[in-house]
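Participant: Coordinates in input.cif, mmCIF, C-alpha atoms and all ligand atoms, are listed below.
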```cif
data_protein
#
loop_
_atom_site.group_PDB
_atom_site.id
_atom_site.type_symbol
_atom_site.label_atom_id
_atom_site.label_comp_id
_atom_site.auth_asym_id
_atom_site.auth_seq_id
_atom_site.Cartn_x
_atom_site.Cartn_y
_atom_site.Cartn_z
ATOM 1 C CA MET A 1 -42.612 85.442 196.014
ATOM 2 C CA ALA A 2 -46.120 85.067 194.615
ATOM 3 C CA THR A 3 -46.393 82.279 192.081
ATOM 4 C CA GLU A 4 -49.133 81.079 189.805
ATOM 5 C CA LEU A 5 -49.975 77.667 188.510
ATOM 6 C CA HIS A 6 -51.390 77.109 185.034
ATOM 7 C CA ARG A 7 -53.581 74.059 185.294
ATOM 8 C CA GLN A 8 -53.933 71.067 183.115
ATOM 9 C CA VAL A 9 -56.981 72.122 181.080
ATOM 10 C CA ASN A 10 -57.700 68.746 179.554
ATOM 11 C CA SER A 11 -58.197 67.060 182.926
ATOM 12 C CA PRO A 12 -60.185 69.537 184.993
ATOM 13 C CA GLU A 13 -61.064 66.791 187.430
ATOM 14 C CA LYS A 14 -57.461 66.514 188.469
ATOM 15 C CA GLU A 15 -56.954 69.208 191.075
ATOM 16 C CA LEU A 16 -53.340 70.218 191.100
ATOM 17 C CA GLU A 17 -52.075 71.535 194.331
ATOM 18 C CA LYS A 18 -50.754 75.032 194.357
ATOM 19 C CA GLU A 19 -47.140 74.992 195.369
ATOM 20 C CA LYS A 20 -44.729 77.663 196.338
ATOM 21 C CA VAL A 21 -41.396 77.915 194.664
ATOM 22 C CA ALA A 22 -38.691 78.879 197.081
ATOM 23 C CA GLY A 23 -37.295 82.334 196.342
ATOM 24 C CA GLY A 24 -33.554 82.474 195.838
ATOM 25 C CA GLU A 25 -30.948 84.503 197.691
ATOM 26 C CA ASN A 26 -31.188 87.155 194.994
ATOM 27 C CA GLY A 27 -34.972 87.296 195.099
ATOM 28 C CA GLY A 28 -35.334 86.040 191.505
ATOM 29 C CA ALA A 29 -37.810 83.641 190.019
ATOM 30 C CA ALA A 30 -38.077 79.935 189.598
ATOM 31 C CA VAL A 31 -39.917 78.234 186.769
ATOM 32 C CA ARG A 32 -41.135 74.697 186.951
ATOM 33 C CA VAL A 33 -42.664 72.943 183.988
ATOM 34 C CA ARG A 34 -43.846 69.361 184.225
ATOM 35 C CA SER A 35 -45.183 67.170 181.405
ATOM 36 C CA LEU A 36 -46.145 70.178 179.317
ATOM 37 C CA THR A 37 -47.890 69.448 176.050
ATOM 38 C CA ARG A 38 -49.267 72.036 173.625
ATOM 39 C CA SER A 39 -50.909 70.867 170.428
ATOM 40 C CA PHE A 40 -52.185 72.706 167.381
ATOM 41 C CA ASP A 41 -54.697 70.850 165.222
ATOM 42 C CA GLY A 42 -53.813 67.554 166.874
ATOM 43 C CA ARG A 43 -50.053 68.016 166.437
ATOM 44 C CA ALA A 44 -48.021 68.307 169.637
ATOM 45 C CA VAL A 45 -45.555 71.155 169.162
ATOM 46 C CA ILE A 46 -44.538 70.818 172.799
ATOM 47 C CA ASP A 47 -44.624 67.176 173.780
ATOM 48 C CA ASN A 48 -44.263 66.218 177.444
ATOM 49 C CA LEU A 49 -41.623 68.851 178.171
ATOM 50 C CA GLN A 50 -39.894 69.303 181.524
ATOM 51 C CA LEU A 51 -38.045 72.480 182.489
ATOM 52 C CA ASP A 52 -36.661 74.084 185.621
ATOM 53 C CA VAL A 53 -35.175 77.562 185.825
ATOM 54 C CA GLU A 54 -33.390 78.499 189.015
ATOM 55 C CA PRO A 55 -34.000 81.810 190.787
ATOM 56 C CA GLY A 56 -31.920 84.493 189.081
ATOM 57 C CA GLU A 57 -30.679 82.133 186.400
ATOM 58 C CA PHE A 58 -30.091 83.315 182.808
ATOM 59 C CA VAL A 59 -31.232 80.621 180.399
ATOM 60 C CA ALA A 60 -31.047 80.790 176.603
ATOM 61 C CA LEU A 61 -33.296 78.686 174.411
ATOM 62 C CA LEU A 62 -32.137 77.627 170.943
ATOM 63 C CA GLY A 63 -33.832 75.444 168.375
ATOM 64 C CA ARG A 64 -34.599 75.165 164.709
ATOM 65 C CA SER A 65 -37.252 77.414 163.257
ATOM 66 C CA GLY A 66 -40.729 76.153 164.090
ATOM 67 C CA CYS A 67 -39.614 73.824 166.905
ATOM 68 C CA GLY A 68 -41.846 75.566 169.452
ATOM 69 C CA LYS A 69 -39.634 78.109 171.251
ATOM 70 C CA SER A 70 -42.091 81.002 171.001
ATOM 71 C CA THR A 71 -44.952 78.706 171.910
ATOM 72 C CA LEU A 72 -43.129 77.726 175.111
ATOM 73 C CA LEU A 73 -42.427 81.372 175.894
ATOM 74 C CA ARG A 74 -46.071 82.312 175.363
ATOM 75 C CA VAL A 75 -47.141 79.518 177.701
ATOM 76 C CA LEU A 76 -44.711 80.719 180.383
ATOM 77 C CA ALA A 77 -45.958 84.280 179.895
ATOM 78 C CA GLY A 78 -49.520 83.084 180.521
ATOM 79 C CA LEU A 79 -50.565 84.229 177.040
ATOM 80 C CA ASP A 80 -51.463 80.664 176.053
ATOM 81 C CA ARG A 81 -53.230 78.424 178.539
ATOM 82 C CA GLU A 82 -54.497 75.720 176.201
ATOM 83 C CA ILE A 83 -52.060 73.285 177.722
ATOM 84 C CA GLU A 84 -51.750 69.900 179.283
ATOM 85 C CA GLY A 85 -49.378 69.520 182.194
ATOM 86 C CA GLU A 86 -48.190 71.844 184.906
ATOM 87 C CA VAL A 87 -46.517 75.231 184.617
ATOM 88 C CA LEU A 88 -45.425 77.134 187.680
ATOM 89 C CA VAL A 89 -44.183 80.675 187.136
ATOM 90 C CA PRO A 90 -43.856 83.786 189.298
ATOM 91 C CA ARG A 91 -46.739 86.219 189.203
ATOM 92 C CA ARG A 92 -44.378 89.064 188.385
ATOM 93 C CA LYS A 93 -43.182 88.367 184.903
ATOM 94 C CA ALA A 94 -42.698 90.412 181.773
ATOM 95 C CA VAL A 95 -42.178 89.721 178.095
ATOM 96 C CA ALA A 96 -40.313 91.613 175.395
ATOM 97 C CA PHE A 97 -40.784 90.523 171.799
ATOM 98 C CA GLN A 98 -38.693 91.010 168.690
ATOM 99 C CA ALA A 99 -41.077 93.668 167.403
ATOM 100 C CA PRO A 100 -41.321 96.240 170.197
ATOM 101 C CA ARG A 101 -45.121 96.652 169.792
ATOM 102 C CA LEU A 102 -45.326 100.271 170.917
ATOM 103 C CA MET A 103 -48.622 102.116 170.492
ATOM 104 C CA PRO A 104 -47.912 104.861 167.923
ATOM 105 C CA TRP A 105 -50.475 107.267 169.406
ATOM 106 C CA LYS A 106 -48.941 107.251 172.871
ATOM 107 C CA ARG A 107 -45.713 108.936 173.898
ATOM 108 C CA VAL A 108 -42.871 106.658 174.935
ATOM 109 C CA TRP A 109 -43.412 107.085 178.683
ATOM 110 C CA ARG A 110 -47.120 106.293 178.355
ATOM 111 C CA ASN A 111 -46.223 103.175 176.358
ATOM 112 C CA VAL A 112 -43.914 102.080 179.150
ATOM 113 C CA LEU A 113 -46.755 102.280 181.686
ATOM 114 C CA LEU A 114 -49.358 100.650 179.455
ATOM 115 C CA GLY A 115 -51.356 98.013 181.295
ATOM 116 C CA LEU A 116 -49.646 98.597 184.643
ATOM 117 C CA PRO A 117 -52.078 98.491 187.552
ATOM 118 C CA GLY A 118 -52.433 101.292 190.096
ATOM 119 C CA ARG A 119 -52.032 104.351 187.826
ATOM 120 C CA PRO A 120 -48.280 104.815 188.289
ATOM 121 C CA GLY A 121 -46.899 108.260 187.482
ATOM 122 C CA ARG A 122 -44.578 109.461 184.770
ATOM 123 C CA ALA A 123 -41.598 109.286 187.176
ATOM 124 C CA VAL A 124 -41.863 105.478 187.220
ATOM 125 C CA ALA A 125 -41.536 105.343 183.438
ATOM 126 C CA GLU A 126 -38.781 107.935 183.483
ATOM 127 C CA ARG A 127 -36.714 105.834 185.901
ATOM 128 C CA ALA A 128 -37.018 102.696 183.762
ATOM 129 C CA LEU A 129 -36.258 104.630 180.572
ATOM 130 C CA THR A 130 -33.171 106.140 182.201
ATOM 131 C CA GLU A 131 -32.082 102.647 183.239
ATOM 132 C CA VAL A 132 -32.076 101.558 179.588
ATOM 133 C CA GLY A 133 -30.363 104.774 178.435
ATOM 134 C CA LEU A 134 -33.478 106.445 177.055
ATOM 135 C CA GLY A 135 -33.892 109.175 179.671
ATOM 136 C CA HIS A 136 -33.757 111.771 176.895
ATOM 137 C CA ARG A 137 -36.605 110.157 174.879
ATOM 138 C CA VAL A 138 -39.289 110.064 177.578
ATOM 139 C CA ASP A 139 -41.648 112.359 175.653
ATOM 140 C CA ALA A 140 -40.829 111.101 172.167
ATOM 141 C CA TRP A 141 -43.377 109.520 169.825
ATOM 142 C CA PRO A 142 -42.608 105.869 169.004
ATOM 143 C CA LYS A 143 -42.238 106.556 165.277
ATOM 144 C CA THR A 144 -39.289 108.859 165.975
ATOM 145 C CA LEU A 145 -37.302 106.108 167.734
ATOM 146 C CA SER A 146 -34.596 104.080 166.009
ATOM 147 C CA GLY A 147 -34.925 100.284 166.021
ATOM 148 C CA GLY A 148 -32.503 99.967 168.937
ATOM 149 C CA GLU A 149 -34.267 102.734 170.891
ATOM 150 C CA ALA A 150 -37.671 101.110 170.344
ATOM 151 C CA GLN A 151 -36.243 97.831 171.596
ATOM 152 C CA ARG A 152 -34.893 99.578 174.706
ATOM 153 C CA ALA A 153 -38.294 101.217 175.287
ATOM 154 C CA SER A 154 -39.776 97.748 175.112
ATOM 155 C CA LEU A 155 -37.270 96.570 177.730
ATOM 156 C CA ALA A 156 -38.189 99.541 179.941
ATOM 157 C CA ARG A 157 -41.820 98.480 179.648
ATOM 158 C CA ALA A 158 -40.814 95.038 180.883
ATOM 159 C CA LEU A 159 -38.696 96.468 183.718
ATOM 160 C CA VAL A 160 -41.410 98.674 185.245
ATOM 161 C CA ARG A 161 -43.211 95.437 186.042
ATOM 162 C CA GLU A 162 -40.290 94.576 188.342
ATOM 163 C CA PRO A 163 -40.334 91.025 187.034
ATOM 164 C CA ASP A 164 -39.007 87.992 188.840
ATOM 165 C CA LEU A 165 -38.990 86.392 185.406
ATOM 166 C CA LEU A 166 -38.081 88.219 182.204
ATOM 167 C CA LEU A 167 -39.074 86.450 178.995
ATOM 168 C CA LEU A 168 -37.280 87.663 175.887
ATOM 169 C CA ASP A 169 -38.350 86.427 172.458
ATOM 170 C CA GLU A 170 -35.614 87.209 169.933
ATOM 171 C CA PRO A 171 -35.356 90.744 171.314
ATOM 172 C CA PHE A 172 -32.272 91.600 169.265
ATOM 173 C CA GLY A 173 -33.276 89.786 166.079
ATOM 174 C CA ALA A 174 -34.103 92.874 164.053
ATOM 175 C CA LEU A 175 -31.147 94.998 165.163
ATOM 176 C CA ASP A 176 -27.978 95.709 163.206
ATOM 177 C CA ALA A 177 -24.797 94.046 164.482
ATOM 178 C CA LEU A 178 -23.486 97.027 166.461
ATOM 179 C CA THR A 179 -26.826 97.936 168.061
ATOM 180 C CA ARG A 180 -27.288 94.266 168.828
ATOM 181 C CA ILE A 181 -24.054 94.121 170.830
ATOM 182 C CA THR A 182 -25.056 97.236 172.800
ATOM 183 C CA ALA A 183 -28.496 95.750 173.483
ATOM 184 C CA GLN A 184 -26.964 92.440 174.608
ATOM 185 C CA GLN A 185 -24.668 94.308 177.012
ATOM 186 C CA LEU A 186 -27.647 96.227 178.342
ATOM 187 C CA VAL A 187 -29.610 93.047 179.017
ATOM 188 C CA ALA A 188 -26.581 91.498 180.751
ATOM 189 C CA GLU A 189 -26.232 94.593 182.971
ATOM 190 C CA LEU A 190 -29.949 94.737 183.773
ATOM 191 C CA TRP A 191 -29.986 91.065 184.630
ATOM 192 C CA GLN A 192 -27.001 91.440 186.958
ATOM 193 C CA ARG A 193 -28.500 94.508 188.623
ATOM 194 C CA ARG A 194 -32.063 93.203 188.935
ATOM 195 C CA GLY A 195 -31.265 89.567 189.765
ATOM 196 C CA CYS A 196 -34.367 88.272 187.979
ATOM 197 C CA ALA A 197 -34.442 85.012 186.054
ATOM 198 C CA VAL A 198 -34.244 85.441 182.274
ATOM 199 C CA LEU A 199 -35.374 83.114 179.525
ATOM 200 C CA LEU A 200 -34.027 84.313 176.197
ATOM 201 C CA VAL A 201 -35.209 82.776 172.932
ATOM 202 C CA THR A 202 -32.592 83.314 170.267
ATOM 203 C CA HIS A 203 -31.313 81.910 166.964
ATOM 204 C CA ASP A 204 -27.809 83.074 167.721
ATOM 205 C CA VAL A 205 -25.574 80.452 169.351
ATOM 206 C CA GLU A 206 -22.843 82.984 170.174
ATOM 207 C CA GLU A 207 -25.346 85.342 171.793
ATOM 208 C CA ALA A 208 -26.589 82.454 173.929
ATOM 209 C CA LEU A 209 -23.037 81.545 174.982
ATOM 210 C CA LEU A 210 -22.062 85.125 175.777
ATOM 211 C CA LEU A 211 -25.117 85.786 177.946
ATOM 212 C CA ALA A 212 -26.518 82.637 179.517
ATOM 213 C CA ASP A 213 -25.668 80.430 182.484
ATOM 214 C CA ARG A 214 -27.281 77.546 180.653
ATOM 215 C CA VAL A 215 -28.166 77.024 177.012
ATOM 216 C CA LEU A 216 -31.024 74.720 176.051
ATOM 217 C CA VAL A 217 -31.747 73.177 172.687
ATOM 218 C CA MET A 218 -35.375 72.443 171.926
ATOM 219 C CA ASP A 219 -36.117 69.642 169.482
ATOM 220 C CA GLY A 220 -38.982 67.196 168.995
ATOM 221 C CA GLY A 221 -41.144 69.120 171.461
ATOM 222 C CA VAL A 222 -38.760 68.717 174.393
ATOM 223 C CA ILE A 223 -35.526 70.139 175.777
ATOM 224 C CA ALA A 224 -33.291 67.748 173.880
ATOM 225 C CA HIS A 225 -29.919 69.037 175.018
ATOM 226 C CA GLN A 226 -28.382 71.544 177.395
ATOM 227 C CA VAL A 227 -24.972 72.927 178.243
ATOM 228 C CA ARG A 228 -23.761 74.938 181.226
ATOM 229 C CA VAL A 229 -21.580 77.929 180.509
ATOM 230 C CA ASP A 230 -19.304 78.050 183.505
ATOM 231 C CA ARG A 231 -17.551 81.333 182.773
ATOM 232 C CA ASP A 232 -17.474 84.771 184.403
ATOM 233 C CA ARG A 233 -18.750 87.762 182.472
ATOM 234 C CA PRO A 234 -17.982 89.620 180.315
ATOM 235 C CA ARG A 235 -17.103 86.661 178.128
ATOM 236 C CA ASP A 236 -14.948 86.365 175.080
ATOM 237 C CA ILE A 237 -16.303 84.296 172.214
ATOM 238 C CA ALA A 238 -12.697 83.289 171.421
ATOM 239 C CA ASP A 239 -12.523 81.492 174.814
ATOM 240 C CA PRO A 240 -11.714 77.809 174.023
ATOM 241 C CA LEU A 241 -14.558 76.561 176.250
ATOM 242 C CA LEU A 242 -17.081 78.723 174.395
ATOM 243 C CA ALA A 243 -15.664 77.594 171.043
ATOM 244 C CA GLU A 244 -16.093 73.975 172.130
ATOM 245 C CA LEU A 245 -19.652 74.551 173.350
ATOM 246 C CA ARG A 246 -20.446 76.414 170.146
ATOM 247 C CA THR A 247 -19.451 73.400 168.053
ATOM 248 C CA GLU A 248 -21.455 71.096 170.324
ATOM 249 C CA LEU A 249 -24.569 73.280 170.082
ATOM 250 C CA LEU A 250 -24.319 73.785 166.325
ATOM 251 C CA ASP A 251 -23.959 70.047 165.967
ATOM 252 C CA ARG A 252 -27.107 69.541 168.050
ATOM 253 C CA LEU A 253 -28.914 72.064 165.885
ATOM 254 C CA GLY A 254 -27.842 70.138 162.805
ATOM 255 C CA VAL A 255 -25.639 72.958 161.553
ATOM 256 C CA LYS A 256 -22.078 72.219 160.561
ATOM 257 C CA ALA A 257 -19.732 74.695 162.284
ATOM 258 C CA PRO A 258 -17.794 76.675 159.696
ATOM 259 C CA GLU A 259 -14.140 75.670 159.495
ATOM 260 C CA PRO A 260 -11.667 78.323 160.646
ATOM 261 C CA ALA A 261 -10.515 80.440 157.709
ATOM 262 C CA VAL A 262 -7.279 79.181 156.158
ATOM 263 C CA HIS A 263 -5.067 81.881 154.749
ATOM 264 C CA LYS A 264 -3.002 80.574 151.902
ATOM 265 C CA VAL A 265 0.160 82.295 150.855
ATOM 266 C CA ALA A 266 0.846 81.930 147.159
HETATM 267 N N1 LIG B 1 -51.721 79.665 166.938
HETATM 268 C C1 LIG B 1 -51.205 78.660 166.214
HETATM 269 N N2 LIG B 1 -51.998 77.894 165.443
HETATM 270 C C2 LIG B 1 -51.491 76.854 164.728
HETATM 271 N N3 LIG B 1 -50.199 76.517 164.709
HETATM 272 C C3 LIG B 1 -49.361 77.248 165.462
HETATM 273 C C4 LIG B 1 -49.807 78.366 166.255
HETATM 274 N N4 LIG B 1 -48.750 78.901 166.904
HETATM 275 C C5 LIG B 1 -47.671 78.168 166.537
HETATM 276 N N5 LIG B 1 -48.053 77.177 165.681
HETATM 277 C C6 LIG B 1 -47.152 76.175 165.073
HETATM 278 O O1 LIG B 1 -46.331 75.639 166.090
HETATM 279 C C7 LIG B 1 -45.025 75.427 165.604
HETATM 280 C C8 LIG B 1 -44.037 76.119 166.519
HETATM 281 O O2 LIG B 1 -44.145 77.519 166.365
HETATM 282 P P1 LIG B 1 -43.230 78.509 167.196
HETATM 283 O O3 LIG B 1 -43.562 79.893 166.749
HETATM 284 O O4 LIG B 1 -43.356 78.203 168.640
HETATM 285 O O5 LIG B 1 -41.777 78.078 166.698
HETATM 286 P P2 LIG B 1 -40.370 78.781 166.957
HETATM 287 O O6 LIG B 1 -39.451 77.715 167.393
HETATM 288 O O7 LIG B 1 -40.531 79.960 167.852
HETATM 289 O O8 LIG B 1 -40.010 79.247 165.484
HETATM 290 P P3 LIG B 1 -39.086 80.456 164.972
HETATM 291 O O9 LIG B 1 -37.710 80.159 165.456
HETATM 292 O O10 LIG B 1 -39.188 80.347 163.481
HETATM 293 O O11 LIG B 1 -39.653 81.724 165.512
HETATM 294 C C9 LIG B 1 -45.008 75.908 164.166
HETATM 295 O O12 LIG B 1 -45.157 74.812 163.313
HETATM 296 C C10 LIG B 1 -46.188 76.818 164.092
HETATM 297 O O13 LIG B 1 -46.741 76.822 162.797
#
```
If you convert what's in this file into structure tokens, what do you get?
Facilitator:
Amino acid sequence: MATELHRQVNSPEKELEKEKVAGGENGGAAVRVRSLTRSFDGRAVIDNLQLDVEPGEFVALLGRSGCGKSTLLRVLAGLDREIEGEVLVPRRKAVAFQAPRLMPWKRVWRNVLLGLPGRPGRAVAERALTEVGLGHRVDAWPKTLSGGEAQRASLARALVREPDLLLLDEPFGALDALTRITAQQLVAELWQRRGCAVLLVTHDVEEALLLADRVLVMDGGVIAHQVRVDRDRPRDIADPLLAELRTELLDRLGVKAPEPAVHKVA
């Protein structure tokens, strides 16, 4: 698997050696972050952060608003290289954001292929769109898509890149509850079928517990806490282990878990 190293820009004299990350059985990705710091106006939003993601692992990232989750994702995506430290990611990676960012003047299939090297044909887009259940919207204009459809088109755009690492920044944040569940199921299926590593930024503790192998909590510029979710899928949020982990995570996030509803009989 081809990997790329983002170098420590503040110490150009320090030549970091390019390393290979061993590919996993399932051909997924591995991420390795060492001593990562990212500052804005002298303030370190990410502050000496360490992170490893195993090949094919599904990792969810939680944290209070403004703690630096999107910044970390942008660094991993290679969209932000103003960093100190070492970031090793696979060359094949793709990002899907909360807002699908489709070009309104291009049909859906052309949007899916946007920026792909080697002039791939319409059939490539059609395959990815079919995989996300949008085979019937290949020729549609973006403005005619529903929110959930636009989000799926955005996922198709990520999938055509055949990523070893899929970076998802609040991809379901703007969807209604029902569409959100369908989209979560789709991501779980795609992940199982493709075997790529996933890093999902979310505000939703239950979503993280239903989908991820490991849930991280970012705080103070580092990964301050993590839990493993040792349960087969599909999962049930009523599972006692998940309920316990939910309380632990909410506690870490500084949110008091709501008490179970008490039904009083007069
Ligand atoms: N380009 C930038 N210039 C200056 N400050 C920035 C920039 N990008 C992010 N920040 C600051 O870095 C901090 C972390 O932002 P980031 O978007 O990573 O947080 P987040 O955890 O993803 O938040 P949310 O959950 O609300 O989306 C914020 O205080 C933000 O204002």
Participant: Dump the neighbourhood of ligand LIG 1 (chain B) as a ChimeraX atom specification: all residues within 6 Å, distances computed on only C-alpha atoms and all ligand atoms.
Facilitator: /A:40,45,64-71
Participant: Starting from the PyMOL selection byres (((chain A and resi 243-248) around 12) and not hetatm), expand the selection into actual residues of this file and give them as a VMD selection string.
Facilitator: chain A and resid 62 204 to 210 214 to 217 225 to 231 235 to 242 249 to 260
Participant: Go ahead and save the picked residues with C-alpha atoms, as a PDB file, in the coordinates of the input.
Facilitator:
```pdb
ATOM      1  CA  LEU A  62     -32.137  77.627 170.943  1.00  0.00           C
ATOM      2  CA  ASP A 204     -27.809  83.074 167.721  1.00  0.00           C
ATOM      3  CA  VAL A 205     -25.574  80.452 169.351  1.00  0.00           C
ATOM      4  CA  GLU A 206     -22.843  82.984 170.174  1.00  0.00           C
ATOM      5  CA  GLU A 207     -25.346  85.342 171.793  1.00  0.00           C
ATOM      6  CA  ALA A 208     -26.589  82.454 173.929  1.00  0.00           C
ATOM      7  CA  LEU A 209     -23.037  81.545 174.982  1.00  0.00           C
ATOM      8  CA  LEU A 210     -22.062  85.125 175.777  1.00  0.00           C
ATOM      9  CA  ARG A 214     -27.281  77.546 180.653  1.00  0.00           C
ATOM     10  CA  VAL A 215     -28.166  77.024 177.012  1.00  0.00           C
ATOM     11  CA  LEU A 216     -31.024  74.720 176.051  1.00  0.00           C
ATOM     12  CA  VAL A 217     -31.747  73.177 172.687  1.00  0.00           C
ATOM     13  CA  HIS A 225     -29.919  69.037 175.018  1.00  0.00           C
ATOM     14  CA  GLN A 226     -28.382  71.544 177.395  1.00  0.00           C
ATOM     15  CA  VAL A 227     -24.972  72.927 178.243  1.00  0.00           C
ATOM     16  CA  ARG A 228     -23.761  74.938 181.226  1.00  0.00           C
ATOM     17  CA  VAL A 229     -21.580  77.929 180.509  1.00  0.00           C
ATOM     18  CA  ASP A 230     -19.304  78.050 183.505  1.00  0.00           C
ATOM     19  CA  ARG A 231     -17.551  81.333 182.773  1.00  0.00           C
ATOM     20  CA  ARG A 235     -17.103  86.661 178.128  1.00  0.00           C
ATOM     21  CA  ASP A 236     -14.948  86.365 175.080  1.00  0.00           C
ATOM     22  CA  ILE A 237     -16.303  84.296 172.214  1.00  0.00           C
ATOM     23  CA  ALA A 238     -12.697  83.289 171.421  1.00  0.00           C
ATOM     24  CA  ASP A 239     -12.523  81.492 174.814  1.00  0.00           C
ATOM     25  CA  PRO A 240     -11.714  77.809 174.023  1.00  0.00           C
ATOM     26  CA  LEU A 241     -14.558  76.561 176.250  1.00  0.00           C
ATOM     27  CA  LEU A 242     -17.081  78.723 174.395  1.00  0.00           C
ATOM     28  CA  LEU A 249     -24.569  73.280 170.082  1.00  0.00           C
ATOM     29  CA  LEU A 250     -24.319  73.785 166.325  1.00  0.00           C
ATOM     30  CA  ASP A 251     -23.959  70.047 165.967  1.00  0.00           C
ATOM     31  CA  ARG A 252     -27.107  69.541 168.050  1.00  0.00           C
ATOM     32  CA  LEU A 253     -28.914  72.064 165.885  1.00  0.00           C
ATOM     33  CA  GLY A 254     -27.842  70.138 162.805  1.00  0.00           C
ATOM     34  CA  VAL A 255     -25.639  72.958 161.553  1.00  0.00           C
ATOM     35  CA  LYS A 256     -22.078  72.219 160.561  1.00  0.00           C
ATOM     36  CA  ALA A 257     -19.732  74.695 162.284  1.00  0.00           C
ATOM     37  CA  PRO A 258     -17.794  76.675 159.696  1.00  0.00           C
ATOM     38  CA  GLU A 259     -14.140  75.670 159.495  1.00  0.00           C
ATOM     39  CA  PRO A 260     -11.667  78.323 160.646  1.00  0.00           C
TER      40      PRO A 260
END
```
Participant: Taking the point (-36.3, 82.1, 170.9) as given in the file, collect each protein or nucleic acid residue that comes within 6 Å of it, counting all atoms listed in the file, and present the set as a PyMOL selection string.
Facilitator: chain A and resi 61+69-70+169-170+201-202
Participant: Please provide as a PyMOL selection string all residues within 10 Å of Gln192 in chain A, with the sequence filter that same-chain residues fewer than 6 positions apart are discarded (counting all atoms listed in the file).
Facilitator: chain A and resi 56+58+186
Participant: Write out, as an mmCIF file, keeping the file's coordinate frame, the residues just selected, with C-alpha atoms.
Facilitator:
```cif
data_model
loop_
_atom_site.group_PDB
_atom_site.id
_atom_site.type_symbol
_atom_site.label_atom_id
_atom_site.label_comp_id
_atom_site.auth_asym_id
_atom_site.auth_seq_id
_atom_site.Cartn_x
_atom_site.Cartn_y
_atom_site.Cartn_z
ATOM 1 C CA GLY A 56 -31.920 84.493 189.081
ATOM 2 C CA PHE A 58 -30.091 83.315 182.808
ATOM 3 C CA LEU A 186 -27.647 96.227 178.342
#
```
Participant: Could you work out how far CA of Arg157 in chain A lies from CA of Leu114 in chain A, giving the answer in Å with one decimal?
Facilitator: 7.8 Å
Participant: Have a look at A:Pro142, A:Ala212, A:Leu178, A:Thr37 and name the one nearest to Arg101 in chain A; count all atoms listed in the file.
Facilitator: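 Nearest to Arg101 in chain A: A:Pro142.
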Participant: Using the chain letters and numbers from the file, give me the residues hit by the PyMOL selection byres (((chain A and resi 187) around 10) and not hetatm), as a VMD selection string.
Facilitator: chain A and resid 132 152 155 168 171 181 to 186 188 to 193 198 211
Participant: Please produce range 108-121 of chain A, completed to N, CA and C atoms, as an mmCIF file, in the coordinates of the input.
Facilitator:
```cif
data_model
loop_
_atom_site.group_PDB
_atom_site.id
_atom_site.type_symbol
_atom_site.label_atom_id
_atom_site.label_comp_id
_atom_site.auth_asym_id
_atom_site.auth_seq_id
_atom_site.Cartn_x
_atom_site.Cartn_y
_atom_site.Cartn_z
ATOM 1 N N VAL A 108 -43.658 107.797 174.452
ATOM 2 C CA VAL A 108 -42.871 106.658 174.935
ATOM 3 C C VAL A 108 -43.171 106.335 176.400
ATOM 4 N N TRP A 109 -43.210 107.373 177.253
ATOM 5 C CA TRP A 109 -43.412 107.085 178.683
ATOM 6 C C TRP A 109 -44.775 106.467 178.951
ATOM 7 N N ARG A 110 -45.785 106.884 178.165
ATOM 8 C CA ARG A 110 -47.120 106.293 178.355
ATOM 9 C C ARG A 110 -47.130 104.836 177.877
ATOM 10 N N ASN A 111 -46.357 104.553 176.820
ATOM 11 C CA ASN A 111 -46.223 103.175 176.358
ATOM 12 C C ASN A 111 -45.613 102.292 177.432
ATOM 13 N N VAL A 112 -44.618 102.850 178.120
ATOM 14 C CA VAL A 112 -43.914 102.080 179.150
ATOM 15 C C VAL A 112 -44.877 101.671 180.268
ATOM 16 N N LEU A 113 -45.829 102.547 180.561
ATOM 17 C CA LEU A 113 -46.755 102.280 181.686
ATOM 18 C C LEU A 113 -48.006 101.513 181.282
ATOM 19 N N LEU A 114 -48.148 101.284 179.977
ATOM 20 C CA LEU A 114 -49.358 100.650 179.455
ATOM 21 C C LEU A 114 -49.694 99.342 180.166
ATOM 22 N N GLY A 115 -50.896 99.261 180.683
ATOM 23 C CA GLY A 115 -51.356 98.013 181.295
ATOM 24 C C GLY A 115 -50.902 97.796 182.730
ATOM 25 N N LEU A 116 -50.099 98.751 183.251
ATOM 26 C CA LEU A 116 -49.646 98.597 184.643
ATOM 27 C C LEU A 116 -50.785 98.959 185.584
ATOM 28 N N PRO A 117 -51.004 98.163 186.615
ATOM 29 C CA PRO A 117 -52.078 98.491 187.552
ATOM 30 C C PRO A 117 -51.684 99.646 188.471
ATOM 31 N N GLY A 118 -52.672 100.311 189.024
ATOM 32 C CA GLY A 118 -52.433 101.292 190.096
ATOM 33 C C GLY A 118 -52.030 102.677 189.631
ATOM 34 N N ARG A 119 -52.288 103.017 188.381
ATOM 35 C CA ARG A 119 -52.032 104.351 187.826
ATOM 36 C C ARG A 119 -50.678 104.941 188.250
ATOM 37 N N PRO A 120 -49.591 104.277 187.918
ATOM 38 C CA PRO A 120 -48.280 104.815 188.289
ATOM 39 C C PRO A 120 -47.997 106.107 187.513
ATOM 40 N N GLY A 121 -47.181 106.972 188.100
ATOM 41 C CA GLY A 121 -46.899 108.260 187.482
ATOM 42 C C GLY A 121 -45.764 108.200 186.482
#
```
